[in-house]
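Okay, upload_32.csv is below, CSV, C-alpha atoms:
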chain,number,residue,atom,x,y,z
X,1,MET,CA,-23.3,-5.3,1.5
X,2,SER,CA,-22.7,-9.0,1.8
X,3,PHE,CA,-20.1,-11.1,0.0
X,4,VAL,CA,-20.9,-13.7,-2.6
X,5,PRO,CA,-18.6,-16.6,-1.5
X,6,TYR,CA,-18.0,-17.7,-5.0
X,7,SER,CA,-18.4,-15.5,-8.0
X,8,THR,CA,-18.7,-16.9,-11.6
X,9,GLY,CA,-18.6,-13.5,-13.2
X,10,GLY,CA,-14.9,-13.5,-14.1
X,11,ARG,CA,-13.1,-13.9,-17.4
X,12,GLY,CA,-9.9,-15.5,-18.7
X,13,ASP,CA,-8.5,-18.6,-17.1
X,14,HIS,CA,-9.6,-17.8,-13.5
X,15,PRO,CA,-13.4,-17.5,-13.4
X,16,THR,CA,-13.5,-17.4,-9.6
X,17,VAL,CA,-12.8,-13.9,-8.5
X,18,ILE,CA,-13.6,-14.1,-4.8
X,19,VAL,CA,-12.4,-17.3,-3.1
X,20,ASP,CA,-13.6,-18.3,0.3
X,21,VAL,CA,-10.6,-19.8,2.2
X,22,SER,CA,-12.3,-20.0,5.6
X,23,SER,CA,-12.1,-23.8,5.7
X,24,VAL,CA,-9.0,-24.3,3.6
X,25,THR,CA,-6.2,-26.3,5.3
X,26,THR,CA,-3.7,-26.6,2.4
X,27,PRO,CA,-2.3,-23.2,1.4
X,28,VAL,CA,-3.5,-21.9,-2.0
X,29,ARG,CA,-2.0,-19.4,-4.4
X,30,LEU,CA,-4.2,-16.6,-5.6
X,31,SER,CA,-4.1,-15.6,-9.3
X,32,ARG,CA,-3.4,-12.0,-10.0
X,33,GLY,CA,-6.6,-10.0,-9.4
X,34,GLN,CA,-8.2,-12.7,-7.2
X,35,THR,CA,-9.5,-11.9,-3.7
X,36,ALA,CA,-9.5,-14.3,-0.8
X,37,VAL,CA,-12.1,-14.1,2.0
X,38,LEU,CA,-11.6,-15.7,5.4
X,39,LYS,CA,-14.3,-15.5,8.0
X,40,PHE,CA,-13.6,-16.5,11.6
X,41,ARG,CA,-15.6,-16.8,14.8
X,42,ASP,CA,-14.4,-16.7,18.4
X,43,LYS,CA,-10.7,-17.2,17.6
X,44,THR,CA,-7.4,-16.0,19.1
X,45,ASN,CA,-5.4,-17.0,16.0
X,46,VAL,CA,-6.1,-17.4,12.3
X,47,ASN,CA,-3.9,-19.1,9.8
X,48,VAL,CA,-4.0,-17.4,6.5
X,49,PRO,CA,-3.6,-20.2,3.9
X,50,LEU,CA,-2.0,-18.3,1.1
X,51,LYS,CA,1.2,-19.0,-0.7
X,52,LEU,CA,3.3,-15.9,-1.6
X,53,ASP,CA,5.8,-15.1,-4.3
X,54,PRO,CA,8.4,-12.3,-4.1
X,55,ASP,CA,6.9,-10.6,-7.2
X,56,ASP,CA,3.4,-10.4,-5.6
X,57,LEU,CA,1.7,-7.4,-4.1
X,58,TYR,CA,-1.4,-7.6,-1.9
X,59,ARG,CA,-3.9,-5.4,-0.2
X,60,LEU,CA,-5.2,-6.8,3.1
X,61,TYR,CA,-8.4,-5.8,4.9
X,62,LEU,CA,-9.2,-7.0,8.4
X,63,PHE,CA,-12.4,-6.2,10.3
X,64,THR,CA,-13.2,-7.6,13.7
X,65,LYS,CA,-16.4,-7.3,15.6
X,66,LYS,CA,-17.3,-7.4,19.2
X,67,ALA,CA,-20.0,-5.9,21.3
X,68,PHE,CA,-19.4,-2.2,21.6
X,69,SER,CA,-19.5,-2.1,25.4
X,70,SER,CA,-17.3,-5.1,26.0
X,71,PRO,CA,-13.7,-4.5,27.2
X,72,VAL,CA,-10.8,-4.9,24.9
X,73,SER,CA,-7.3,-6.2,25.5
X,74,ALA,CA,-4.3,-3.9,26.0
X,75,SER,CA,-2.2,-6.1,23.8
X,76,GLU,CA,-1.6,-6.0,20.0
X,77,THR,CA,-2.9,-8.0,17.1
X,78,ILE,CA,0.1,-9.3,15.2
X,79,LEU,CA,0.9,-11.0,11.8
X,80,LYS,CA,3.5,-13.7,12.0
X,81,PRO,CA,4.9,-14.0,8.4
X,82,ASN,CA,5.6,-17.6,7.5
X,83,GLY,CA,3.8,-18.4,10.8
X,84,GLN,CA,7.0,-17.5,12.7
X,85,THR,CA,8.5,-14.7,14.8
X,86,TYR,CA,11.8,-13.2,13.9
X,87,THR,CA,13.4,-11.6,17.0
X,88,GLY,CA,14.0,-7.8,16.5
X,89,GLN,CA,13.7,-7.9,12.7
X,90,PHE,CA,10.7,-5.6,12.2
X,91,ARG,CA,10.9,-1.8,12.2
X,92,ARG,CA,7.7,0.2,12.8
X,93,ARG,CA,7.2,3.9,12.1
X,94,ALA,CA,3.7,5.0,12.9
X,95,VAL,CA,1.6,8.1,13.5
X,96,VAL,CA,-1.2,7.7,16.1
X,97,GLY,CA,-4.2,9.9,16.3
X,98,THR,CA,-6.7,9.9,19.1
X,99,GLY,CA,-9.5,12.2,20.0
X,100,SER,CA,-7.3,14.6,21.8
X,101,SER,CA,-3.7,14.3,20.5
X,102,VAL,CA,-1.3,13.0,17.9
X,103,SER,CA,1.6,10.8,18.9
X,104,SER,CA,4.0,8.5,17.1
X,105,ILE,CA,5.9,5.2,17.4
X,106,ALA,CA,9.3,4.2,16.2
X,107,ASP,CA,10.2,0.8,17.5
X,108,THR,CA,11.5,-2.7,16.7
X,109,THR,CA,9.2,-5.8,17.0
X,110,ASP,CA,9.4,-9.5,16.4
X,111,THR,CA,6.4,-9.6,14.0
X,112,PHE,CA,4.3,-7.3,12.0
X,113,VAL,CA,1.7,-5.4,14.1
X,114,LEU,CA,-1.8,-4.9,12.6
X,115,GLY,CA,-3.5,-3.1,15.5
X,116,ARG,CA,-3.2,-2.1,19.0
X,117,THR,CA,-6.0,-4.3,20.4
X,118,GLU,CA,-8.1,-7.1,19.0
X,119,ARG,CA,-10.8,-4.8,17.9
X,120,ILE,CA,-9.6,-3.3,14.7
X,121,ALA,CA,-10.4,-2.3,11.2
X,122,CYS,CA,-7.4,-2.0,8.9
X,123,VAL,CA,-6.2,-1.7,5.4
X,124,PHE,CA,-2.6,-2.6,4.5
X,125,TRP,CA,-0.5,-2.9,1.3
X,126,VAL,CA,1.6,-6.0,1.7
X,127,SER,CA,4.8,-6.7,-0.1
X,128,PRO,CA,6.5,-10.1,0.1
X,129,ALA,CA,9.5,-9.0,-2.1
X,130,THR,CA,12.5,-10.6,-0.5
X,131,THR,CA,14.5,-7.3,-0.7
X,132,ASN,CA,11.6,-5.1,0.4
X,133,LYS,CA,9.1,-6.9,2.7
X,134,PHE,CA,6.6,-4.6,4.5
X,135,ILE,CA,3.1,-3.7,5.4
X,136,LEU,CA,2.0,-0.1,4.7
X,137,GLY,CA,-1.4,1.3,5.6
X,138,THR,CA,-3.9,2.4,8.2
X,139,ALA,CA,-5.5,0.8,11.2
X,140,ALA,CA,-8.3,1.9,13.5
X,141,SER,CA,-8.3,0.3,16.9
X,142,LYS,CA,-10.5,0.6,20.0
X,143,SER,CA,-8.0,1.1,22.8
X,144,SER,CA,-8.1,-0.4,26.2
X,145,SER,CA,-9.1,3.0,27.6
X,146,GLY,CA,-12.2,2.9,25.4
X,147,VAL,CA,-11.3,5.5,22.7
X,148,TYR,CA,-10.7,4.8,19.1
X,149,GLU,CA,-7.3,5.4,17.5
X,150,THR,CA,-6.1,5.7,14.0
X,151,ILE,CA,-2.7,4.5,13.1
X,152,ASP,CA,-0.9,5.3,9.9
X,153,MET,CA,2.3,3.3,9.5
X,154,THR,CA,4.9,1.4,7.6
X,155,HIS,CA,6.3,-1.7,9.2
X,156,VAL,CA,9.3,-3.1,7.4
X,157,TRP,CA,10.8,-6.6,7.8
X,158,TRP,CA,14.4,-5.4,8.2
X,159,ASP,CA,16.0,-8.4,6.3
X,160,GLU,CA,16.9,-8.8,2.7
X,161,THR,CA,17.4,-12.5,2.5
X,162,THR,CA,14.6,-14.4,4.2
X,163,ALA,CA,11.8,-15.4,1.8
X,164,TRP,CA,8.2,-14.6,2.8
X,165,THR,CA,6.5,-17.7,1.3
X,166,SER,CA,3.4,-18.1,3.4
X,167,PHE,CA,1.2,-15.3,4.4
X,168,GLY,CA,1.3,-16.6,8.0
X,169,GLU,CA,-0.7,-16.4,11.1
X,170,ILE,CA,-2.7,-13.6,12.7
X,171,VAL,CA,-2.7,-13.7,16.5
X,172,PHE,CA,-5.2,-11.7,18.5
X,173,PRO,CA,-4.8,-10.8,22.2
X,174,ALA,CA,-8.3,-12.0,23.0
X,175,THR,CA,-11.0,-14.1,21.4
X,176,ILE,CA,-12.7,-12.3,18.5
X,177,SER,CA,-14.7,-12.8,15.4
X,178,GLY,CA,-14.3,-11.1,12.1
X,179,LYS,CA,-13.5,-11.1,8.4
X,180,LEU,CA,-10.2,-11.0,6.5
X,181,VAL,CA,-9.9,-10.1,2.9
X,182,VAL,CA,-6.7,-10.4,0.9
X,183,GLU,CA,-6.6,-9.0,-2.7
X,184,ARG,CA,-3.7,-9.9,-5.0
X,185,LEU,CA,-2.8,-6.9,-7.0
X,186,LEU,CA,0.4,-8.2,-8.7
S,1,MET,CA,-19.6,0.5,3.6
S,2,ALA,CA,-17.8,2.0,0.6
S,3,ILE,CA,-14.6,0.0,1.0
S,4,VAL,CA,-16.6,-3.3,0.6
S,5,ALA,CA,-18.4,-2.0,-2.4
S,6,GLU,CA,-15.0,-1.7,-4.2
S,7,PHE,CA,-14.4,-5.5,-4.2
S,8,ARG,CA,-14.9,-6.7,-7.7
S,9,ARG,CA,-17.1,-9.4,-9.2
S,10,VAL,CA,-14.9,-9.7,-12.2
S,11,LEU,CA,-11.1,-9.9,-12.6
S,12,PRO,CA,-9.5,-6.6,-13.2
S,13,GLU,CA,-7.9,-6.1,-16.7
S,14,TYR,CA,-4.2,-5.5,-16.6
S,15,VAL,CA,-2.6,-3.5,-19.4
S,16,ASP,CA,1.2,-4.0,-19.8
S,17,LEU,CA,2.7,-0.6,-20.6
S,18,THR,CA,6.3,-1.5,-20.0
S,19,SER,CA,7.2,-1.4,-23.7
S,20,ALA,CA,4.7,1.3,-24.7
S,21,THR,CA,6.2,4.1,-26.8
S,22,SER,CA,3.1,6.3,-27.0
S,23,ASP,CA,0.4,7.1,-24.5
S,24,VAL,CA,-2.5,4.7,-24.0
S,25,MET,CA,-5.9,5.7,-22.7
S,26,LEU,CA,-6.9,3.4,-19.8
S,27,GLU,CA,-10.6,2.5,-19.3
S,28,VAL,CA,-12.1,2.9,-15.9
S,29,GLY,CA,-11.1,-0.1,-13.8
S,30,GLN,CA,-8.1,-1.0,-16.0
S,31,ILE,CA,-4.7,-1.3,-14.4
S,32,GLY,CA,-1.6,-0.2,-16.3
S,33,VAL,CA,1.5,-2.1,-15.4
S,34,ILE,CA,4.9,-0.5,-16.0
S,35,ARG,CA,8.0,-2.5,-15.0
S,36,PHE,CA,11.3,-0.8,-14.8
S,37,THR,CA,14.9,-1.9,-14.3
S,38,ASN,CA,17.9,0.1,-13.1
S,39,THR,CA,16.4,3.5,-14.0
S,40,ARG,CA,15.3,6.6,-12.1
S,41,GLU,CA,13.0,8.0,-14.9
S,42,ILE,CA,10.0,6.1,-16.0
S,43,ALA,CA,7.5,7.4,-18.6
S,44,LEU,CA,4.0,6.1,-17.6
S,45,HIS,CA,2.6,6.3,-21.1
S,46,VAL,CA,-1.0,6.9,-19.9
S,47,ALA,CA,-3.1,9.4,-21.8
S,48,VAL,CA,-5.4,11.6,-19.7
S,49,PRO,CA,-9.0,12.3,-21.0
S,50,PRO,CA,-9.9,15.9,-21.7
S,51,ASP,CA,-12.4,16.1,-18.8
S,52,GLY,CA,-10.0,14.6,-16.3
S,53,ALA,CA,-9.8,11.3,-14.5
S,54,VAL,CA,-8.7,9.9,-11.1
S,55,TYR,CA,-5.9,7.3,-10.9
S,56,GLU,CA,-4.5,5.3,-8.0
S,57,ILE,CA,-0.8,4.9,-8.5
S,58,VAL,CA,1.5,2.4,-6.7
S,59,VAL,CA,5.2,2.9,-7.1
S,60,HIS,CA,6.9,-0.2,-5.8
S,61,THR,CA,10.7,-0.8,-5.8
S,62,LYS,CA,12.3,-4.1,-5.2
S,63,SER,CA,15.9,-2.9,-5.0
S,64,PRO,CA,17.7,-3.7,-1.8
S,65,GLY,CA,17.4,-0.6,0.4
S,66,ILE,CA,18.6,-1.9,3.7
S,67,THR,CA,22.2,-2.7,2.8
S,68,GLN,CA,22.3,0.2,0.4
S,69,ASN,CA,23.0,3.5,2.1
S,70,VAL,CA,20.8,5.8,0.1
S,71,GLY,CA,22.4,8.9,1.6
S,72,ALA,CA,20.7,12.2,2.0
S,73,ALA,CA,17.2,11.9,0.6
S,74,GLY,CA,15.8,14.3,-2.0
S,75,PRO,CA,12.4,14.4,-3.6
S,76,SER,CA,10.9,11.8,-5.8
S,77,GLY,CA,7.7,12.5,-7.7
S,78,LEU,CA,5.6,12.9,-10.8
S,79,LYS,CA,6.2,15.2,-13.8
S,80,PRO,CA,2.8,15.8,-15.4
S,81,ASN,CA,2.8,16.0,-19.2
S,82,ASN,CA,6.4,14.7,-18.9
S,83,LEU,CA,7.5,18.3,-18.0
S,84,THR,CA,8.6,20.4,-15.1
S,85,TYR,CA,7.0,23.8,-14.6
S,86,GLY,CA,8.0,26.8,-12.5
S,87,SER,CA,9.7,26.3,-9.2
S,88,THR,CA,6.6,27.2,-7.2
S,89,ALA,CA,4.0,25.6,-9.5
S,90,PHE,CA,3.2,22.7,-7.2
S,91,GLY,CA,2.5,22.9,-3.5
S,92,HIS,CA,3.3,20.0,-1.2
S,93,THR,CA,2.5,19.2,2.4
S,94,GLN,CA,3.5,16.2,4.4
S,95,TYR,CA,3.8,14.6,7.8
S,96,TYR,CA,6.2,11.8,8.6
S,97,ARG,CA,7.7,9.6,11.3
S,98,ASN,CA,11.3,8.5,11.0
S,99,SER,CA,13.5,6.8,13.6
S,100,SER,CA,13.9,9.9,15.7
S,101,SER,CA,10.9,12.2,15.4
S,102,LEU,CA,7.4,13.0,14.2
S,103,GLY,CA,7.5,15.9,11.8
S,104,SER,CA,5.8,17.8,9.0
S,105,GLY,CA,6.6,20.2,6.2
S,106,VAL,CA,5.4,22.4,3.4
S,107,SER,CA,7.3,23.1,0.2
S,108,ASP,CA,7.0,24.2,-3.4
S,109,HIS,CA,8.3,22.4,-6.4
S,110,ALA,CA,8.5,22.4,-10.2
S,111,TYR,CA,6.8,18.9,-10.2
S,112,GLN,CA,4.4,16.9,-8.1
S,113,ARG,CA,6.6,15.8,-5.2
S,114,VAL,CA,5.3,12.6,-3.6
S,115,ALA,CA,8.1,11.3,-1.4
S,116,SER,CA,11.7,11.3,-0.6
S,117,ALA,CA,14.0,8.4,-1.3
S,118,LEU,CA,11.2,6.0,-1.3
S,119,SER,CA,10.8,2.3,-1.4
S,120,THR,CA,7.0,2.2,-2.1
S,121,SER,CA,4.3,4.8,-2.4
S,122,VAL,CA,0.6,4.7,-3.0
S,123,PHE,CA,-1.3,7.8,-4.0
S,124,LEU,CA,-4.4,9.1,-5.8
S,125,VAL,CA,-4.2,11.7,-8.6
S,126,SER,CA,-7.0,13.9,-9.9
S,127,THR,CA,-6.3,15.4,-13.3
S,128,SER,CA,-9.3,17.8,-13.6
S,129,LYS,CA,-8.0,21.0,-15.1
S,130,THR,CA,-9.3,23.3,-12.4
S,131,LEU,CA,-8.3,21.1,-9.5
S,132,LYS,CA,-5.2,19.0,-10.2
S,133,CYS,CA,-4.0,17.3,-7.1
S,134,MET,CA,-2.4,14.3,-5.4
S,135,VAL,CA,-3.4,12.6,-2.1
S,136,SER,CA,-1.1,10.0,-0.6
S,137,GLU,CA,-2.4,6.8,0.9
S,138,GLY,CA,1.0,6.2,2.5
S,139,CYS,CA,4.7,6.0,1.7
S,140,SER,CA,7.4,3.7,3.0
S,141,SER,CA,10.7,5.4,2.5
S,142,TRP,CA,14.2,4.2,3.0
S,143,GLY,CA,15.2,7.7,3.8
S,144,ASN,CA,18.8,7.5,4.8
S,145,ALA,CA,20.7,4.9,6.8
S,146,THR,CA,20.0,6.7,10.1
S,147,ASP,CA,16.3,7.4,9.6
S,148,SER,CA,15.2,4.3,7.8
S,149,PRO,CA,12.5,3.4,7.4
S,150,THR,CA,10.3,6.5,7.3
S,151,PHE,CA,6.5,6.6,7.0
S,152,ILE,CA,5.2,9.6,5.0
S,153,ARG,CA,1.8,10.8,4.2
S,154,CYS,CA,1.3,13.8,2.0
S,155,ALA,CA,-0.8,15.8,-0.4
S,156,GLY,CA,0.0,18.1,-3.2
S,157,ILE,CA,-1.7,20.5,-5.6
S,158,TRP,CA,-0.8,21.9,-9.0
S,159,LYS,CA,-1.7,25.5,-8.3
S,160,ASP,CA,-2.4,26.3,-12.0
S,161,SER,CA,-6.0,25.9,-13.0
S,162,THR,CA,-5.7,26.5,-16.7
S,163,THR,CA,-3.1,24.1,-18.0
S,164,GLU,CA,-4.5,20.8,-19.4
S,165,TRP,CA,-3.1,17.6,-17.9
S,166,THR,CA,-3.0,15.5,-21.1
S,167,SER,CA,-0.4,12.8,-20.2
S,168,LEU,CA,-0.1,11.4,-16.8
S,169,GLY,CA,3.6,11.9,-17.1
S,170,THR,CA,6.9,10.6,-15.9
S,171,TRP,CA,7.8,9.2,-12.5
S,172,PHE,CA,11.2,10.1,-11.3
S,173,PHE,CA,13.3,8.9,-8.4
S,174,ASP,CA,15.7,11.1,-6.5
S,175,ALA,CA,19.4,10.4,-7.2
S,176,SER,CA,19.8,9.0,-3.7
S,177,CYS,CA,17.7,6.0,-4.8
S,178,GLY,CA,20.6,4.8,-7.0
S,179,THR,CA,19.2,2.9,-10.0
S,180,PRO,CA,16.1,1.3,-8.7
S,181,SER,CA,14.1,-1.6,-10.2
S,182,GLY,CA,10.5,-2.4,-9.6
S,183,VAL,CA,7.0,-1.8,-10.9
S,184,ILE,CA,4.4,0.9,-11.2
S,185,LEU,CA,0.7,0.2,-11.2
S,186,VAL,CA,-1.8,2.8,-12.5
S,187,ARG,CA,-5.4,2.0,-11.9
S,188,ARG,CA,-8.0,4.3,-13.4
S,189,VAL,CA,-10.6,4.9,-10.7
S,190,ARG,CA,-12.8,7.3,-12.6
Would you mind writing the structure in this file as structure tokens?
Amino acid sequence: MSFVPYSTGGRGDHPTVIVDVSSVTTPVRLSRGQTAVLKFRDKTNVNVPLKLDPDDLYRLYLFTKKAFSSPVSASETILKPNGQTYTGQFRRRAVVGTGSSVSSIADTTDTFVLGRTERIACVFWVSPATTNKFILGTAASKSSSGVYETIDMTHVWWDETTAWTSFGEIVFPATISGKLVVERLL
Amino acid sequence: MAIVAEFRRVLPEYVDLTSATSDVMLEVGQIGVIRFTNTREIALHVAVPPDGAVYEIVVHTKSPGITQNVGAAGPSGLKPNNLTYGSTAFGHTQYYRNSSSLGSGVSDHAYQRVASALSTSVFLVSTSKTLKCMVSEGCSSWGNATDSPTFIRCAGIWKDSTTEWTSLGTWFFDASCGTPSGVILVRRVR
């Protein structure tokens, strides 16, 4: 099913339901209920031009695509909130399933982590509340050893004072194409 | 792909239930919004249709949980029909990852347990009389100061197949959550 870049089927004050921000350079603020779509091709980093407010709540979908047989990187895809890194401020708790086993992760990072390689499909709830900033959800990644993993996790920005005002930048460990969808729920 | 088909062509309709005093029947696709301040018990005021429905519920707190030591974590959850039932009426199973280990558990309760001292939880509820159940999409819990945060995924079932689920019920937080503030979203899926 393909996307309609601009829908006119809405109601109320915001008739545009799905907003294509692929070429947007100045950050925009979604209205409640709106969905932003960002398509990218052959990138190692993508700026997500969305303004955030502490009372918001979002659902993020990220799908990347690459030839099935091509190798993938052993490094992670990350989200830098506000386009920055914050040394040691992110606590991750994750359950990892592969074809043969279940393992887990409890660590501290400098950014949010969306996937274990650049080839991922993920769905995350995203909270920019200053006193409760996190991503929560599930990612599927193709690992560097060639198998697919599922990762269920919460990743909390362990800080109650820094405002998350700009969605930030997604950085991939290798060149990749794909589609990002961000839906504002609150 | 099913997940793509979910994206809407029209803006969702939000229904503010914060000040509701009686139950409101949501239409499919509508999202009920219940804001709460400094309280552990929140009546959702959502009426359930006789033939059952499916709801996606987001419980989202904004109270500081990092600097607040929530202490030992007890259950938080949903009281269907705003009631508790027998102590083994609801079965609950979960797996989790806290700071020290990966674990799992099974327990019975008088209500639909969803999480421990949570910060945010997302789950689906089916209210059909003969199969009343809950499936978690994920939970981020403060747990206690040592374990925080904790990731939890769980499922639960109301073992009874004769009682009608007529009111979605009351959400309650464990005492270890203090007096939380935040918002609950209830989206009727079916």
Closest atom pairs, residues of chain S within 6 Å of chain X, all atoms listed in the file, as a Markdown table:
| residue | atom | partner | partner_atom | distance |
| --- | --- | --- | --- | --- |
| S:Arg9 | CA | X:Gly9 | CA | 5.9 |
| S:Val10 | CA | X:Gly10 | CA | 4.2 |
| S:Leu11 | CA | X:Gly10 | CA | 5.4 |
| S:Pro12 | CA | X:Gly33 | CA | 5.9 |
| S:Lys62 | CA | X:Asn132 | CA | 5.7 |
| S:Pro64 | CA | X:Thr131 | CA | 4.9 |
| S:Arg97 | CA | X:Arg93 | CA | 5.8 |
| S:Ser99 | CA | X:Ala106 | CA | 5.6 |
| S:Ser140 | CA | X:Thr154 | CA | 5.7 |
| S:Phe151 | CA | X:Thr154 | CA | 5.5 |
Using the selection just defined, write its residues with C-alpha atoms as a PDB file, in the coordinates of the input.
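So the final result, stored in part-v6.pdb, reads:
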ATOM      1  CA  ARG S   9     -17.100  -9.400  -9.200  1.00  0.00           C
ATOM      2  CA  VAL S  10     -14.900  -9.700 -12.200  1.00  0.00           C
ATOM      3  CA  LEU S  11     -11.100  -9.900 -12.600  1.00  0.00           C
ATOM      4  CA  PRO S  12      -9.500  -6.600 -13.200  1.00  0.00           C
ATOM      5  CA  LYS S  62      12.300  -4.100  -5.200  1.00  0.00           C
ATOM      6  CA  PRO S  64      17.700  -3.700  -1.800  1.00  0.00           C
ATOM      7  CA  ARG S  97       7.700   9.600  11.300  1.00  0.00           C
ATOM      8  CA  SER S  99      13.500   6.800  13.600  1.00  0.00           C
ATOM      9  CA  SER S 140       7.400   3.700   3.000  1.00  0.00           C
ATOM     10  CA  PHE S 151       6.500   6.600   7.000  1.00  0.00           C
TER      11      PHE S 151
END
Practice task
Pick out the residues sitting within 9 Å of Ser126 (chain S), and hand them over as a ChimeraX atom specification; count all atoms listed in the file, and ignore anything fewer than 5 positions along from it in its own chain.
Solution key: /S:52-55,131-135
Exercise for the section: Kindly give the distance, in Å, that separates CA of Lys66 (chain X) and CA of Thr109 (chain X), rounded to a single decimal. Expected result: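 Atom-to-atom, CA of Lys66 (chain X) to CA of Thr109 (chain X), that is 26.6 Å.
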Problem - Exercise: Arg41 (chain X) partners within 9 Å, all atoms listed in the file, chain neighbours under 2 positions left out, as JSON, numbers by chain - result: {"X": [39, 43, 175, 176, 177, 178, 179]}
Exercise for the section: List every protein, DNA or RNA residue with an atom no more than 12 Å from (6.7, 6.7, -4.5) in the file's coordinates, counting all atoms listed in the file, and format the result as a ChimeraX atom specification. Expected result: /S:40,42,56-61,75-78,112-124,134-143,151-154,171-174,177,180,182-185
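We find CA of Val24 (chain S) and CA of Thr162 (chain S) to be spaced 23.2 Å apart.
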Handout entry: Gap from CA of Ala67 (chain X) to CA of Gly115 (chain X) - Å, one decimal
Key =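 Computing it gives 17.7 Å between the two atoms.
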Exercise for the section: Could you check which of X:Phe167, X:Phe112, X:Phe68, X:Phe172 is closest to Val48 (chain X), using all atoms listed in the file? Expected result: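 Checking each candidate against Val48 (chain X), we get X:Phe167 as the closest.
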Practice task
Extract, using all atoms listed in the file, all DNA, RNA and protein residues at most 10 Å from Glu164 (chain S), discarding same-chain residues fewer than 5 positions from it, and format them as an NGL selection string.
Solution key: :S and (48-52 or 80-81 or 127-130 or 132)
Hey, can you spit out that residue selection with C-alpha atoms as a tab-separated table (two decimals), in the frame of the given file?
chain	number	residue	atom	x	y	z
S	48	VAL	CA	-5.40	11.60	-19.70
S	49	PRO	CA	-9.00	12.30	-21.00
S	50	PRO	CA	-9.90	15.90	-21.70
S	51	ASP	CA	-12.40	16.10	-18.80
S	52	GLY	CA	-10.00	14.60	-16.30
S	80	PRO	CA	2.80	15.80	-15.40
S	81	ASN	CA	2.80	16.00	-19.20
S	127	THR	CA	-6.30	15.40	-13.30
S	128	SER	CA	-9.30	17.80	-13.60
S	129	LYS	CA	-8.00	21.00	-15.10
S	130	THR	CA	-9.30	23.30	-12.40
S	132	LYS	CA	-5.20	19.00	-10.20
Handout entry: Counting all atoms listed in the file, the option among X:Thr25, X:Ser100, X:Thr87, X:Ser144 closest to Ser73 (chain X)
Key =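 Closest to Ser73 (chain X), using all atoms listed in the file: X:Ser144.
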